[in-house]
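Coordinates from protein.cif are shown below (mmCIF, C-alpha atoms and all ligand atoms).
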data_start
loop_
_atom_site.group_PDB
_atom_site.id
_atom_site.type_symbol
_atom_site.label_atom_id
_atom_site.label_comp_id
_atom_site.auth_asym_id
_atom_site.auth_seq_id
_atom_site.Cartn_x
_atom_site.Cartn_y
_atom_site.Cartn_z
ATOM 1 C CA MET A 243 10.089 51.810 66.215
ATOM 2 C CA ILE A 244 7.484 53.341 63.934
ATOM 3 C CA ILE A 245 8.210 52.930 60.200
ATOM 4 C CA SER A 246 7.125 56.063 58.375
ATOM 5 C CA GLY A 247 5.917 55.125 54.905
ATOM 6 C CA LYS A 248 5.529 58.825 54.305
ATOM 7 C CA GLU A 249 9.245 59.525 54.852
ATOM 8 C CA LEU A 250 10.503 56.420 53.075
ATOM 9 C CA SER A 251 8.283 57.076 50.067
ATOM 10 C CA ALA A 252 9.427 60.723 49.934
ATOM 11 C CA ARG A 253 13.069 59.578 49.753
ATOM 12 C CA LEU A 254 12.345 56.993 47.059
ATOM 13 C CA LYS A 255 10.272 59.460 45.026
ATOM 14 C CA ALA A 256 13.124 62.000 45.139
ATOM 15 C CA GLU A 257 15.449 59.337 43.699
ATOM 16 C CA MET A 258 12.904 58.484 41.008
ATOM 17 C CA ALA A 259 12.543 62.181 40.126
ATOM 18 C CA GLU A 260 16.277 62.329 39.327
ATOM 19 C CA GLN A 261 16.037 59.205 37.209
ATOM 20 C CA VAL A 262 12.962 60.451 35.328
ATOM 21 C CA ALA A 263 14.654 63.804 34.682
ATOM 22 C CA SER A 264 17.225 61.952 32.568
ATOM 23 C CA PHE A 265 14.582 60.279 30.371
ATOM 24 C CA PRO A 266 13.767 63.107 27.923
ATOM 25 C CA GLY A 267 17.462 63.242 26.934
ATOM 26 C CA LYS A 268 17.688 59.459 26.611
ATOM 27 C CA TYR A 269 14.251 58.488 25.319
ATOM 28 C CA GLY A 270 12.651 61.711 24.150
ATOM 29 C CA ARG A 271 9.850 61.604 26.723
ATOM 30 C CA VAL A 272 8.867 60.752 30.298
ATOM 31 C CA PRO A 273 6.741 57.780 31.446
ATOM 32 C CA HIS A 274 2.973 58.266 31.112
ATOM 33 C CA LEU A 275 0.509 56.794 33.613
ATOM 34 C CA VAL A 276 -3.227 56.775 32.902
ATOM 35 C CA VAL A 277 -5.525 56.303 35.907
ATOM 36 C CA ILE A 278 -9.213 55.589 35.347
ATOM 37 C CA LEU A 279 -11.618 56.402 38.168
ATOM 38 C CA VAL A 280 -15.223 55.266 37.817
ATOM 39 C CA GLY A 281 -17.715 57.024 40.111
ATOM 40 C CA ASP A 282 -16.983 59.329 43.022
ATOM 41 C CA ASP A 283 -16.318 57.209 46.090
ATOM 42 C CA PRO A 284 -14.482 59.658 48.395
ATOM 43 C CA ALA A 285 -11.761 57.174 49.395
ATOM 44 C CA SER A 286 -11.047 56.307 45.750
ATOM 45 C CA VAL A 287 -10.972 60.014 44.827
ATOM 46 C CA SER A 288 -8.433 60.588 47.610
ATOM 47 C CA TYR A 289 -6.193 57.682 46.505
ATOM 48 C CA VAL A 290 -6.336 58.716 42.846
ATOM 49 C CA THR A 291 -5.467 62.292 43.835
ATOM 50 C CA GLY A 292 -2.487 60.908 45.758
ATOM 51 C CA LYS A 293 -1.383 59.075 42.620
ATOM 52 C CA ALA A 294 -1.579 62.281 40.559
ATOM 53 C CA LYS A 295 0.425 64.197 43.190
ATOM 54 C CA ALA A 296 3.118 61.518 43.343
ATOM 55 C CA SER A 297 3.329 61.580 39.552
ATOM 56 C CA GLU A 298 3.941 65.318 39.700
ATOM 57 C CA VAL A 299 6.693 64.904 42.316
ATOM 58 C CA THR A 300 8.469 62.194 40.317
ATOM 59 C CA GLY A 301 8.043 63.920 36.942
ATOM 60 C CA ILE A 302 5.817 61.165 35.559
ATOM 61 C CA ARG A 303 3.085 62.333 33.175
ATOM 62 C CA ASN A 304 -0.327 61.561 34.689
ATOM 63 C CA THR A 305 -3.682 61.512 32.969
ATOM 64 C CA THR A 306 -6.602 60.829 35.269
ATOM 65 C CA ILE A 307 -9.793 59.930 33.408
ATOM 66 C CA ARG A 308 -12.987 60.229 35.443
ATOM 67 C CA LYS A 309 -16.117 58.391 34.312
ATOM 68 C CA PRO A 310 -19.588 58.376 35.889
ATOM 69 C CA ASP A 311 -20.627 55.175 37.684
ATOM 70 C CA THR A 312 -23.254 54.719 34.980
ATOM 71 C CA ILE A 313 -20.555 53.866 32.420
ATOM 72 C CA SER A 314 -21.212 50.463 30.830
ATOM 73 C CA GLU A 315 -18.700 47.654 30.994
ATOM 74 C CA ALA A 316 -18.461 47.724 27.192
ATOM 75 C CA GLU A 317 -17.564 51.441 27.207
ATOM 76 C CA LEU A 318 -14.917 50.895 29.865
ATOM 77 C CA LEU A 319 -13.413 47.954 27.960
ATOM 78 C CA ASP A 320 -13.381 50.110 24.839
ATOM 79 C CA LEU A 321 -11.480 52.870 26.635
ATOM 80 C CA ILE A 322 -8.927 50.344 27.895
ATOM 81 C CA ARG A 323 -8.438 48.976 24.373
ATOM 82 C CA GLN A 324 -7.738 52.481 23.072
ATOM 83 C CA LEU A 325 -5.167 53.047 25.820
ATOM 84 C CA ASN A 326 -3.551 49.663 25.129
ATOM 85 C CA GLU A 327 -3.002 50.726 21.535
ATOM 86 C CA ASP A 328 -1.810 54.233 22.410
ATOM 87 C CA ASP A 329 1.996 54.180 22.174
ATOM 88 C CA THR A 330 2.293 57.302 24.345
ATOM 89 C CA VAL A 331 0.774 55.405 27.323
ATOM 90 C CA ASP A 332 3.061 53.237 29.497
ATOM 91 C CA GLY A 333 0.811 52.357 32.410
ATOM 92 C CA ILE A 334 -2.940 51.841 32.827
ATOM 93 C CA LEU A 335 -4.604 51.624 36.232
ATOM 94 C CA VAL A 336 -8.329 51.187 36.827
ATOM 95 C CA GLN A 337 -9.017 52.156 40.430
ATOM 96 C CA LEU A 338 -10.923 49.456 42.331
ATOM 97 C CA PRO A 339 -13.562 48.776 43.466
ATOM 98 C CA LEU A 340 -15.764 49.159 40.384
ATOM 99 C CA PRO A 341 -19.576 49.486 40.441
ATOM 100 C CA ALA A 342 -21.386 46.145 40.813
ATOM 101 C CA HIS A 343 -22.562 46.009 37.172
ATOM 102 C CA ILE A 344 -18.963 45.892 35.905
ATOM 103 C CA CYS A 345 -16.943 42.673 36.118
ATOM 104 C CA GLU A 346 -13.578 43.541 37.675
ATOM 105 C CA ALA A 347 -11.889 40.399 36.387
ATOM 106 C CA ARG A 348 -12.884 41.186 32.800
ATOM 107 C CA VAL A 349 -11.621 44.763 33.134
ATOM 108 C CA ILE A 350 -8.285 43.693 34.631
ATOM 109 C CA GLU A 351 -7.809 41.092 31.931
ATOM 110 C CA ALA A 352 -8.469 43.711 29.223
ATOM 111 C CA ILE A 353 -5.436 45.772 30.288
ATOM 112 C CA SER A 354 -2.316 44.931 28.285
ATOM 113 C CA LYS A 355 -0.049 42.920 30.601
ATOM 114 C CA ASP A 356 2.844 45.202 29.596
ATOM 115 C CA LYS A 357 0.935 48.282 30.843
ATOM 116 C CA ASP A 358 -0.478 46.596 33.948
ATOM 117 C CA VAL A 359 1.229 48.797 36.575
ATOM 118 C CA ASP A 360 -0.888 47.172 39.340
ATOM 119 C CA GLY A 361 0.399 43.680 38.578
ATOM 120 C CA PHE A 362 -3.193 42.409 38.699
ATOM 121 C CA HIS A 363 -3.385 40.847 35.201
ATOM 122 C CA PRO A 364 -3.665 37.025 35.334
ATOM 123 C CA LEU A 365 -0.428 36.708 33.334
ATOM 124 C CA ASN A 366 1.425 38.885 35.860
ATOM 125 C CA VAL A 367 -0.147 36.970 38.761
ATOM 126 C CA ALA A 368 0.936 33.671 37.188
ATOM 127 C CA ALA A 369 4.457 35.031 36.667
ATOM 128 C CA LEU A 370 4.612 36.097 40.338
ATOM 129 C CA TRP A 371 3.639 32.613 41.557
ATOM 130 C CA GLN A 372 6.182 31.013 39.225
ATOM 131 C CA LYS A 373 8.986 33.372 40.324
ATOM 132 C CA GLN A 374 9.308 34.797 36.848
ATOM 133 C CA PRO A 375 10.003 38.478 36.150
ATOM 134 C CA CYS A 376 6.762 40.464 36.496
ATOM 135 C CA VAL A 377 5.230 43.705 37.673
ATOM 136 C CA LEU A 378 4.788 43.267 41.439
ATOM 137 C CA PRO A 379 1.519 44.469 43.007
ATOM 138 C CA CYS A 380 2.125 47.850 44.659
ATOM 139 C CA THR A 381 0.963 47.269 48.238
ATOM 140 C CA PRO A 382 2.841 43.972 48.771
ATOM 141 C CA LYS A 383 5.951 45.425 47.133
ATOM 142 C CA GLY A 384 5.732 48.466 49.421
ATOM 143 C CA ILE A 385 5.403 46.257 52.505
ATOM 144 C CA ILE A 386 8.571 44.310 51.688
ATOM 145 C CA LYS A 387 10.425 47.592 51.075
ATOM 146 C CA MET A 388 9.322 48.877 54.496
ATOM 147 C CA LEU A 389 10.473 45.702 56.246
ATOM 148 C CA LYS A 390 13.857 45.902 54.543
ATOM 149 C CA ALA A 391 14.244 49.635 55.240
ATOM 150 C CA ALA A 392 13.556 48.945 58.923
ATOM 151 C CA GLY A 393 16.260 46.265 58.930
ATOM 152 C CA VAL A 394 13.765 43.480 59.684
ATOM 153 C CA GLY A 395 15.199 40.077 58.753
ATOM 154 C CA ILE A 396 12.493 38.050 56.998
ATOM 155 C CA ALA A 397 14.242 34.730 56.319
ATOM 156 C CA GLY A 398 13.291 32.008 58.769
ATOM 157 C CA LYS A 399 10.678 34.165 60.525
ATOM 158 C CA ARG A 400 7.099 33.117 61.238
ATOM 159 C CA ALA A 401 4.894 35.491 59.264
ATOM 160 C CA VAL A 402 1.125 35.628 59.594
ATOM 161 C CA VAL A 403 -0.969 37.452 57.002
ATOM 162 C CA ILE A 404 -4.580 38.209 57.903
ATOM 163 C CA GLY A 405 -6.586 38.547 54.686
ATOM 164 C CA ARG A 406 -6.568 36.568 51.437
ATOM 165 C CA SER A 407 -7.445 39.158 48.776
ATOM 166 C CA ASN A 408 -5.920 39.140 45.301
ATOM 167 C CA ILE A 409 -4.657 42.692 45.862
ATOM 168 C CA VAL A 410 -2.859 42.276 49.194
ATOM 169 C CA GLY A 411 -3.200 39.067 51.209
ATOM 170 C CA LEU A 412 -2.251 36.478 48.611
ATOM 171 C CA PRO A 413 0.584 38.384 46.899
ATOM 172 C CA VAL A 414 2.173 39.612 50.146
ATOM 173 C CA ALA A 415 2.140 36.026 51.437
ATOM 174 C CA LYS A 416 3.947 34.953 48.263
ATOM 175 C CA LEU A 417 6.545 37.741 48.538
ATOM 176 C CA LEU A 418 7.197 36.839 52.197
ATOM 177 C CA LEU A 419 7.581 33.207 51.156
ATOM 178 C CA ASP A 420 10.056 34.275 48.474
ATOM 179 C CA GLU A 421 12.016 36.016 51.263
ATOM 180 C CA ASN A 422 12.070 32.637 53.064
ATOM 181 C CA ALA A 423 9.584 33.389 55.824
ATOM 182 C CA THR A 424 7.304 30.609 57.066
ATOM 183 C CA VAL A 425 3.921 31.985 56.114
ATOM 184 C CA THR A 426 0.429 31.394 57.474
ATOM 185 C CA ILE A 427 -2.583 33.000 55.787
ATOM 186 C CA ALA A 428 -5.453 33.622 58.200
ATOM 187 C CA HIS A 429 -8.906 34.896 57.258
ATOM 188 C CA SER A 430 -12.507 35.376 58.398
ATOM 189 C CA ARG A 431 -13.056 31.623 58.781
ATOM 190 C CA THR A 432 -9.833 30.949 60.708
ATOM 191 C CA ALA A 433 -10.531 29.166 63.985
ATOM 192 C CA ASP A 434 -8.975 30.730 67.100
ATOM 193 C CA LEU A 435 -7.311 33.602 65.256
ATOM 194 C CA PRO A 436 -5.566 35.033 68.372
ATOM 195 C CA SER A 437 -3.636 31.787 68.915
ATOM 196 C CA ILE A 438 -2.357 32.031 65.321
ATOM 197 C CA THR A 439 -1.518 35.742 65.371
ATOM 198 C CA ARG A 440 0.318 35.399 68.700
ATOM 199 C CA GLN A 441 2.801 33.116 66.945
ATOM 200 C CA ALA A 442 3.637 35.810 64.399
ATOM 201 C CA GLU A 443 7.066 37.403 64.423
ATOM 202 C CA ILE A 444 5.840 39.415 61.425
ATOM 203 C CA LEU A 445 2.117 40.191 61.319
ATOM 204 C CA VAL A 446 0.548 41.726 58.201
ATOM 205 C CA VAL A 447 -3.047 42.810 58.616
ATOM 206 C CA ALA A 448 -5.235 43.467 55.587
ATOM 207 C CA ILE A 449 -8.873 42.882 56.448
ATOM 208 C CA GLY A 450 -10.429 46.344 56.378
ATOM 209 C CA ARG A 451 -11.981 46.418 59.840
ATOM 210 C CA PRO A 452 -11.124 49.329 62.151
ATOM 211 C CA LYS A 453 -8.906 48.334 65.105
ATOM 212 C CA PHE A 454 -9.685 44.644 64.596
ATOM 213 C CA VAL A 455 -6.321 43.474 65.957
ATOM 214 C CA THR A 456 -6.122 44.029 69.708
ATOM 215 C CA ALA A 457 -3.105 43.900 72.035
ATOM 216 C CA ASP A 458 -3.876 40.357 73.267
ATOM 217 C CA MET A 459 -3.471 39.082 69.680
ATOM 218 C CA VAL A 460 0.134 40.271 69.332
ATOM 219 C CA SER A 461 3.316 38.907 70.899
ATOM 220 C CA GLU A 462 5.902 41.075 72.587
ATOM 221 C CA GLY A 463 8.483 42.218 70.001
ATOM 222 C CA ALA A 464 6.404 41.422 66.909
ATOM 223 C CA VAL A 465 6.717 43.409 63.689
ATOM 224 C CA VAL A 466 3.253 44.706 62.788
ATOM 225 C CA ILE A 467 2.306 45.941 59.311
ATOM 226 C CA ASP A 468 -1.118 47.586 59.135
ATOM 227 C CA VAL A 469 -2.614 47.711 55.629
ATOM 228 C CA GLY A 470 -6.106 48.877 56.648
ATOM 229 C CA VAL A 471 -7.376 52.355 55.881
ATOM 230 C CA ASN A 472 -10.664 52.781 57.741
ATOM 231 C CA ARG A 473 -12.717 55.471 59.391
ATOM 232 C CA ASP A 474 -12.791 55.153 63.162
ATOM 233 C CA PRO A 475 -16.543 54.916 63.905
ATOM 234 C CA GLU A 476 -16.037 56.860 67.164
ATOM 235 C CA THR A 477 -13.815 59.736 66.044
ATOM 236 C CA GLY A 478 -14.393 59.737 62.259
ATOM 237 C CA LYS A 479 -10.610 59.863 61.794
ATOM 238 C CA LEU A 480 -8.561 57.496 59.613
ATOM 239 C CA CYS A 481 -7.398 54.389 61.415
ATOM 240 C CA GLY A 482 -5.915 51.023 60.547
ATOM 241 C CA ASP A 483 -6.950 47.425 61.147
ATOM 242 C CA VAL A 484 -4.696 47.462 64.210
ATOM 243 C CA ASP A 485 -5.334 49.146 67.551
ATOM 244 C CA PHE A 486 -2.160 51.228 67.204
ATOM 245 C CA ALA A 487 -2.159 52.882 70.650
ATOM 246 C CA ALA A 488 -2.480 49.527 72.438
ATOM 247 C CA ILE A 489 -0.022 47.597 70.271
ATOM 248 C CA GLU A 490 2.716 50.163 69.622
ATOM 249 C CA PRO A 491 4.289 49.626 73.086
ATOM 250 C CA LYS A 492 4.406 45.850 72.509
ATOM 251 C CA ALA A 493 5.639 45.806 68.913
ATOM 252 C CA SER A 494 9.313 46.093 67.990
ATOM 253 C CA VAL A 495 8.328 47.711 64.699
ATOM 254 C CA ILE A 496 4.920 49.005 63.589
ATOM 255 C CA THR A 497 3.470 51.004 60.705
ATOM 256 C CA PRO A 498 1.058 53.889 61.347
ATOM 257 C CA VAL A 499 -2.208 54.746 59.559
ATOM 258 C CA PRO A 500 -2.201 57.204 57.913
ATOM 259 C CA GLY A 501 1.408 57.601 56.771
ATOM 260 C CA GLY A 502 2.366 53.922 56.614
ATOM 261 C CA VAL A 503 1.575 51.413 53.902
ATOM 262 C CA GLY A 504 -0.682 53.774 51.863
ATOM 263 C CA PRO A 505 2.083 56.154 50.720
ATOM 264 C CA MET A 506 4.318 53.152 49.935
ATOM 265 C CA THR A 507 1.599 51.721 47.677
ATOM 266 C CA ILE A 508 1.617 54.924 45.665
ATOM 267 C CA CYS A 509 5.422 55.071 45.639
ATOM 268 C CA CYS A 510 5.604 51.542 44.210
ATOM 269 C CA LEU A 511 3.060 52.501 41.559
ATOM 270 C CA MET A 512 5.498 55.190 40.394
ATOM 271 C CA GLU A 513 8.287 52.605 40.346
ATOM 272 C CA ASN A 514 6.134 50.170 38.353
ATOM 273 C CA THR A 515 5.256 52.891 35.848
ATOM 274 C CA ILE A 516 8.960 53.608 35.301
ATOM 275 C CA GLU A 517 9.605 49.867 34.976
ATOM 276 C CA CYS A 518 6.880 49.434 32.328
ATOM 277 C CA PHE A 519 8.165 52.525 30.489
ATOM 278 C CA LEU A 520 11.744 51.214 30.441
ATOM 279 C CA ARG A 521 10.661 47.767 29.303
ATOM 280 C CA ARG A 522 8.667 49.366 26.476
ATOM 281 C CA GLN A 523 11.810 51.237 25.372
ATOM 282 C CA GLY A 524 13.307 47.800 24.726
HETATM 283 N N1 LIG A 601 -6.433 49.336 40.837
HETATM 284 N N2 LIG A 601 -7.188 49.821 42.959
HETATM 285 C C1 LIG A 601 -6.152 49.620 42.112
HETATM 286 N N3 LIG A 601 -4.859 49.693 42.528
HETATM 287 C C2 LIG A 601 -4.563 49.984 43.802
HETATM 288 O O1 LIG A 601 -3.294 49.989 44.219
HETATM 289 C C3 LIG A 601 -5.609 50.230 44.701
HETATM 290 N N4 LIG A 601 -5.394 50.601 46.019
HETATM 291 C C4 LIG A 601 -6.302 50.083 47.048
HETATM 292 C C5 LIG A 601 -7.731 50.417 46.581
HETATM 293 N N5 LIG A 601 -7.943 50.228 45.164
HETATM 294 C C6 LIG A 601 -6.932 50.108 44.258
HETATM 295 C C7 LIG A 601 -4.879 51.771 46.416
HETATM 296 O O2 LIG A 601 -4.326 52.550 45.660
HETATM 297 C C8 LIG A 601 -5.884 50.866 48.262
HETATM 298 N N6 LIG A 601 -5.044 51.936 47.760
HETATM 299 C C9 LIG A 601 -4.540 52.987 48.547
HETATM 300 C C10 LIG A 601 -3.676 53.945 48.029
HETATM 301 C C11 LIG A 601 -3.199 54.975 48.812
HETATM 302 C C12 LIG A 601 -3.580 55.086 50.110
HETATM 303 C C13 LIG A 601 -4.433 54.151 50.644
HETATM 304 C C14 LIG A 601 -4.912 53.113 49.861
HETATM 305 C C15 LIG A 601 -3.074 56.239 50.903
HETATM 306 O O3 LIG A 601 -2.320 57.026 50.413
HETATM 307 N N7 LIG A 601 -3.505 56.383 52.171
HETATM 308 C C16 LIG A 601 -3.121 57.488 52.996
HETATM 309 C C17 LIG A 601 -4.345 58.218 53.492
HETATM 310 C C18 LIG A 601 -5.186 58.696 52.376
HETATM 311 C C19 LIG A 601 -6.379 59.518 52.827
HETATM 312 O O4 LIG A 601 -6.161 60.544 53.465
HETATM 313 O O5 LIG A 601 -7.515 59.135 52.469
HETATM 314 C C20 LIG A 601 -2.306 56.945 54.153
HETATM 315 O O6 LIG A 601 -1.489 57.706 54.670
HETATM 316 O O7 LIG A 601 -2.497 55.790 54.509
#
Represent the structure from my file as structure tokens, please.
Amino acid sequence: MIISGKELSARLKAEMAEQVASFPGKYGRVPHLVVILVGDDPASVSYVTGKAKASEVTGIRNTTIRKPDTISEAELLDLIRQLNEDDTVDGILVQLPLPAHICEARVIEAISKDKDVDGFHPLNVAALWQKQPCVLPCTPKGIIKMLKAAGVGIAGKRAVVIGRSNIVGLPVAKLLLDENATVTIAHSRTADLPSITRQAEILVVAIGRPKFVTADMVSEGAVVIDVGVNRDPETGKLCGDVDFAAIEPKASVITPVPGGVGPMTICCLMENTIECFLRRQG
């Protein structure tokens, strides 16, 4: 079975659109998401455009602020402070990665935790690891939604996550643990990776290397979630971290690239924006 993140996200966005349509009557306005894009990396431009489109579909107000990659860290921090103080703004997202001269940690920490729709602020990260209410990071949240929509039972399963980033690997491991999976986090220094991944009943791959996971690394019947969005060096087309054509026949459930995790990330961003808006209404 192939889980279409595109279809699932379209359904969820339609539900959100109905909900948002009721907000002007109840609250006098709709949620407002501000996305800041520094520079013109084509992949980032494409993702930020996707976020604007999803905002339109759900009825969320979107302001995308583009800054040149020469912007100083101080200027960027200043902009964030203004948006923190702006009562008409519910969510602030600074698209990553940032140019090398800007400290990402400092930028993330500058965003008000109540407007942190990415769930990247240290206070939100701490809340996640302490099982306290928090904004969940979009990609991990989207992955759990896909597993549940596909009817995959998580409790008691052996889950292997490849990748240990703050954005995906670590938080998705925590969410799987919270669903009572037995979780292994593998990474670039893992010895004998194939022997680990072959034990996975649920395999989440987030390393950013085209077709890194080959058929011999996956057990028959595994559930495979592919977080990678890469360019295939041979064809120039988008491809995941997983060799989809080779693994699809073996997997019980698999996500495609494009049309898998990516659209779910954006869908969960819309959900988080609504959540931050509602919390700010008190
Ligand atoms: N601050 N930075 C911040 N928040 C995020 O949540 C992200 N991320 C990651 C990169 N930097 C970020 C995203 O938005 C990755 N990411 C993301 C979002 C959407 C898609 C992929 C990655 C997506 O929609 N992918 C499409 C293909 C898009 C294309 O054609 O280029 C897909 O179907 O997979």
Please list, as a list in words, the residues that have an atom at most 12 Å away from (13.8, 57.9, 48.1) in the coordinates of this file, counting only C-alpha atoms.
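Residues found, by chain and rising number: Gly247, Lys248, Glu249, Leu250, Ser251, Ala252, Arg253, Leu254, Lys255, Ala256, Glu257, Met258, Ala259, Glu260, Gln261, Val299, Thr300, Lys387, Met388, Ala391, Met506, Cys509, Cys510, Met512 and Glu513 of chain A.
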At most 7 Å from ligand LIG 601 (chain A) (all atoms listed in the file): residue list as JSON, numbers by chain
{"A": [285, 286, 288, 289, 292, 335, 336, 337, 338, 339, 360, 380, 381, 471, 499, 500, 501, 502, 503, 504, 505, 507, 508]}
Take every atom of stretch 479-484 of chain A listed in the file, pad by 6 Å on each side, and give me the axis-aligned box centre and edge lengths in Å, one decimal, as AutoDock Vina command-line options.
--center_x -7.7 --center_y 53.6 --center_z 61.9 --size_x 17.9 --size_y 24.4 --size_z 16.6
Using all atoms listed in the file, which residues sit within 12 Å of A:Gln372 once same-chain residues fewer than 5 positions away are excluded, as a list in words?
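Result of the neighbour search: Leu365, Asn366, Val367, Lys416, Leu417 and Asp420 of chain A.
Minimum atom-to-atom distances from A:Ser354, A:Ala296, A:Lys309, A:Lys479 to A:Asp328 were compared using all atoms listed in the file, and the lowest value belongs to A:Ser354.
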Residue among A:Ala397, A:Ala464, A:Val377, A:Ile344 lying closest to A:Lys357, counting only C-alpha atoms
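Closest residue, counting only C-alpha atoms: A:Val377.
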Mind dumping a table of every stretch 288-335 of chain A residue within 9 Å of stretch 272-282 of chain A, with the nearest atom pair and its distance in Å to one decimal, using all atoms listed in the file, sorted by chain and rising number, as CSV?
residue,atom,partner,partner_atom,distance
A:Val290,CA,A:Val277,CA,7.4
A:Lys293,CA,A:Val277,CA,8.4
A:Ala294,CA,A:Val277,CA,8.5
A:Ser297,CA,A:Leu275,CA,8.1
A:Gly301,CA,A:Val272,CA,7.4
A:Ile302,CA,A:Pro273,CA,5.4
A:Arg303,CA,A:His274,CA,4.6
A:Asn304,CA,A:Leu275,CA,5.0
A:Thr305,CA,A:Val276,CA,4.8
A:Thr306,CA,A:Val277,CA,4.7
A:Ile307,CA,A:Ile278,CA,4.8
A:Arg308,CA,A:Leu279,CA,4.9
A:Lys309,CA,A:Val280,CA,4.8
A:Pro310,CA,A:Gly281,CA,4.8
A:Asp311,CA,A:Gly281,CA,4.2
A:Thr312,CA,A:Gly281,CA,7.9
A:Ile313,CA,A:Val280,CA,7.7
A:Leu325,CA,A:Val276,CA,8.2
A:Thr330,CA,A:His274,CA,6.9
A:Val331,CA,A:His274,CA,5.2
A:Asp332,CA,A:His274,CA,5.3
A:Gly333,CA,A:Leu275,CA,4.6
A:Ile334,CA,A:Val276,CA,4.9
A:Leu335,CA,A:Val277,CA,4.8
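The shortest atom-to-atom distance to A:Ile244, with all atoms listed in the file taken into account, belongs to A:Ala392 out of A:Ala392, A:Ile516, A:Leu319, A:Ile438.
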I'd like the residues picked by the PyMOL selection byres (((chain A and resi 315) around 8) and not hetatm) written out as a VMD selection string, using the chain letters and numbers from the file.
chain A and resid 313 to 314 316 to 319 343 to 345 349
Between A:Val465, A:Ile409, A:Val447, A:Val455, single out the one closest to A:Lys383, counting only C-alpha atoms.
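That would be A:Ile409, the residue with the smallest distance to A:Lys383.
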Nearest to A:Arg522 among A:Tyr269, A:Arg451, A:Ala368, A:Ser246, with distances taken over all atoms listed in the file: which residue is it?
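So, comparing all the options, the nearest one is A:Tyr269.
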